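Notes follow once the structure below has been shown.
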Amino acid sequence: MKPAGAPAGVWVSASFFALSGALEIGLGIWEAPRPLAFWPVWEAVGRGLLHLLLAAGLWRRLALCRSIALVYSLAALVLYAVVLALAFAQAPVAFPASVVIKSLFEVPSCALLFPYLRSPTAAVLFPRPLLARRPSG
């Protein structure tokens, strides 16, 4: 359901990173050793907050956040391509459940988000500089 006044490109990209942040926190806490200790939870929350901050920046249409999201999408696709190559090569590597779950969410999303974020349409939707100068006078 599209929020009123927000173009589809803005709310879809912001929603992706907000969901990624929630998934990062949830999976990080789910995989943490029991009983839960402070540091694993802190690490999971920190990783998730980075996604949530990026989602907030995209929602505010910051150009820098569009660039970060673009790099993130490309890096995620390359990372999961390497993981898939290792899996197909039957490398003796154990993948945690969180890698499998996150890849099911991130690979298709990033495959769609990356070309969109590179498009001229996205450049128009995310025009705001991080630190805007106020007109003097």
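Every chain in the structure tokens has a letter given in the order shown (A, B, ...), and although residue numbers restart at 1 in each chain, ligands are simply numbered from 1 in the order shown.
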
- Task: Do a neighbour search on Ala69 (chain A) at 9 Å with only C-alpha atoms, toss out local chain neighbours closer than 5 positions, and write the hits as a PyMOL selection string.
- Result: chain A and resi 13+17+54-55+58+64+74+113-114+117

If you keep N, CA and C atoms, can you produce a file of those selected residues as a PDB file, in the first residue's frame?
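To be explicit, this is the file written out as part39.pdb:
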ATOM      1  N   SER A  13      12.059   1.707  -2.251  1.00  0.00           N
ATOM      2  CA  SER A  13      13.461   1.597  -1.843  1.00  0.00           C
ATOM      3  C   SER A  13      13.612   1.794  -0.335  1.00  0.00           C
ATOM      4  N   PHE A  17      14.935  -1.218   2.548  1.00  0.00           N
ATOM      5  CA  PHE A  17      15.990  -1.095   3.557  1.00  0.00           C
ATOM      6  C   PHE A  17      15.433  -1.144   4.977  1.00  0.00           C
ATOM      7  N   LEU A  54      19.601   4.242   6.554  1.00  0.00           N
ATOM      8  CA  LEU A  54      19.582   4.368   5.103  1.00  0.00           C
ATOM      9  C   LEU A  54      18.147   4.487   4.597  1.00  0.00           C
ATOM     10  N   ALA A  55      17.238   3.718   5.174  1.00  0.00           N
ATOM     11  CA  ALA A  55      15.822   3.812   4.794  1.00  0.00           C
ATOM     12  C   ALA A  55      15.280   5.212   5.094  1.00  0.00           C
ATOM     13  N   LEU A  58      16.629   7.600   2.504  1.00  0.00           N
ATOM     14  CA  LEU A  58      15.937   7.433   1.224  1.00  0.00           C
ATOM     15  C   LEU A  58      14.545   8.046   1.290  1.00  0.00           C
ATOM     16  N   LEU A  64      22.840  11.307  -1.306  1.00  0.00           N
ATOM     17  CA  LEU A  64      23.907  10.466  -0.758  1.00  0.00           C
ATOM     18  C   LEU A  64      23.370   9.083  -0.409  1.00  0.00           C
ATOM     19  N   LEU A  74      24.686  -3.372  -5.360  1.00  0.00           N
ATOM     20  CA  LEU A  74      25.707  -4.017  -6.185  1.00  0.00           C
ATOM     21  C   LEU A  74      26.560  -4.968  -5.343  1.00  0.00           C
ATOM     22  N   LEU A 113      16.241  -3.364  -7.548  1.00  0.00           N
ATOM     23  CA  LEU A 113      16.541  -2.031  -7.027  1.00  0.00           C
ATOM     24  C   LEU A 113      17.754  -1.402  -7.704  1.00  0.00           C
ATOM     25  N   PHE A 114      18.776  -2.196  -8.007  1.00  0.00           N
ATOM     26  CA  PHE A 114      20.007  -1.658  -8.588  1.00  0.00           C
ATOM     27  C   PHE A 114      19.762  -0.922  -9.909  1.00  0.00           C
ATOM     28  N   LEU A 117      17.840   2.359  -9.216  1.00  0.00           N
ATOM     29  CA  LEU A 117      18.617   3.428  -8.575  1.00  0.00           C
ATOM     30  C   LEU A 117      19.606   4.076  -9.536  1.00  0.00           C
TER      31      LEU A 117
END

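Coordinates place CA of Phe88 (chain A) at a distance of 28.8 Å from CA of Ile29 (chain A).
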
- Nearby residues (only C-alpha atoms) at most 10 Å from region 99-106 of chain A, same-chain spacing under 5 positions excluded, as a list of chain:residue names: A:Phe16, A:Phe17, A:Leu19, A:Ser20, A:Leu23, A:Glu24, A:Leu27, A:Ser73, A:Ala76, A:Leu77, A:Leu79, A:Tyr80, A:Ala81, A:Val83, A:Leu84, A:Ala111, A:Leu112, A:Leu113

For those residues, write N, CA and C atoms to a file as a JSON list (two decimals), in the first residue's frame.
[["chain", "number", "residue", "atom", "x", "y", "z"],
["A", 16, "PHE", "N", 12.35, -1.40, 1.37],
["A", 16, "PHE", "CA", 13.31, -2.50, 1.27],
["A", 16, "PHE", "C", 14.36, -2.41, 2.37],
["A", 17, "PHE", "N", 14.93, -1.22, 2.55],
["A", 17, "PHE", "CA", 15.99, -1.09, 3.56],
["A", 17, "PHE", "C", 15.43, -1.14, 4.98],
["A", 19, "LEU", "N", 12.84, -3.04, 5.88],
["A", 19, "LEU", "CA", 12.64, -4.48, 6.09],
["A", 19, "LEU", "C", 13.97, -5.21, 6.25],
["A", 20, "SER", "N", 14.98, -4.78, 5.50],
["A", 20, "SER", "CA", 16.31, -5.38, 5.66],
["A", 20, "SER", "C", 16.85, -5.14, 7.07],
["A", 23, "LEU", "N", 14.98, -7.38, 9.44],
["A", 23, "LEU", "CA", 15.44, -8.75, 9.23],
["A", 23, "LEU", "C", 16.84, -8.95, 9.83],
["A", 24, "GLU", "N", 17.70, -7.97, 9.67],
["A", 24, "GLU", "CA", 19.06, -8.06, 10.22],
["A", 24, "GLU", "C", 19.03, -8.16, 11.75],
["A", 27, "LEU", "N", 17.20, -11.69, 12.71],
["A", 27, "LEU", "CA", 18.05, -12.86, 12.47],
["A", 27, "LEU", "C", 19.30, -12.85, 13.34],
["A", 73, "SER", "N", 23.40, -2.37, -3.06],
["A", 73, "SER", "CA", 22.73, -3.34, -3.93],
["A", 73, "SER", "C", 23.73, -4.09, -4.80],
["A", 76, "ALA", "N", 25.76, -6.47, -2.55],
["A", 76, "ALA", "CA", 24.96, -7.63, -2.13],
["A", 76, "ALA", "C", 24.85, -8.64, -3.27],
["A", 77, "LEU", "N", 24.64, -8.16, -4.48],
["A", 77, "LEU", "CA", 24.54, -9.07, -5.62],
["A", 77, "LEU", "C", 25.85, -9.81, -5.87],
["A", 79, "LEU", "N", 28.25, -10.36, -3.59],
["A", 79, "LEU", "CA", 28.47, -11.25, -2.45],
["A", 79, "LEU", "C", 27.67, -12.53, -2.59],
["A", 80, "TYR", "N", 26.39, -12.42, -2.90],
["A", 80, "TYR", "CA", 25.57, -13.62, -3.01],
["A", 80, "TYR", "C", 25.93, -14.43, -4.25],
["A", 81, "ALA", "N", 26.44, -13.81, -5.30],
["A", 81, "ALA", "CA", 26.92, -14.55, -6.45],
["A", 81, "ALA", "C", 28.13, -15.42, -6.06],
["A", 83, "VAL", "N", 28.73, -16.49, -2.99],
["A", 83, "VAL", "CA", 28.21, -17.54, -2.10],
["A", 83, "VAL", "C", 27.57, -18.65, -2.92],
["A", 84, "LEU", "N", 26.81, -18.29, -3.95],
["A", 84, "LEU", "CA", 26.21, -19.31, -4.81],
["A", 84, "LEU", "C", 27.28, -20.11, -5.56],
["A", 111, "ALA", "N", 18.36, -7.06, -7.18],
["A", 111, "ALA", "CA", 18.39, -7.19, -8.64],
["A", 111, "ALA", "C", 17.41, -6.23, -9.29],
["A", 112, "LEU", "N", 16.31, -5.93, -8.63],
["A", 112, "LEU", "CA", 15.35, -4.96, -9.15],
["A", 112, "LEU", "C", 15.72, -3.53, -8.75],
["A", 113, "LEU", "N", 16.24, -3.36, -7.55],
["A", 113, "LEU", "CA", 16.54, -2.03, -7.03],
["A", 113, "LEU", "C", 17.75, -1.40, -7.70]]

- Message: Could you tell me how far CA of Ala44 (chain A) sits from CA of Arg66 (chain A), in Å to one decimal place?
- Response: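 Taking CA of Arg66 (chain A) and CA of Ala44 (chain A), their separation equals 23.4 Å.
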
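We find CA of Arg128 (chain A) and CA of Leu62 (chain A) to be spaced 4.7 Å apart.
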
- Could you pull out the helix (DSSP H, G or I) residues of region 4-135 of chain A from DSSP and send them as a count of residues only? 100

- Task: Give me the residues within 10 Å of Ala122 (chain A) as a ChimeraX atom specification, counting only C-alpha atoms and dropping any in the same chain fewer than 5 places off.
- Result: /A:9-10,61,63,66,115-117,127
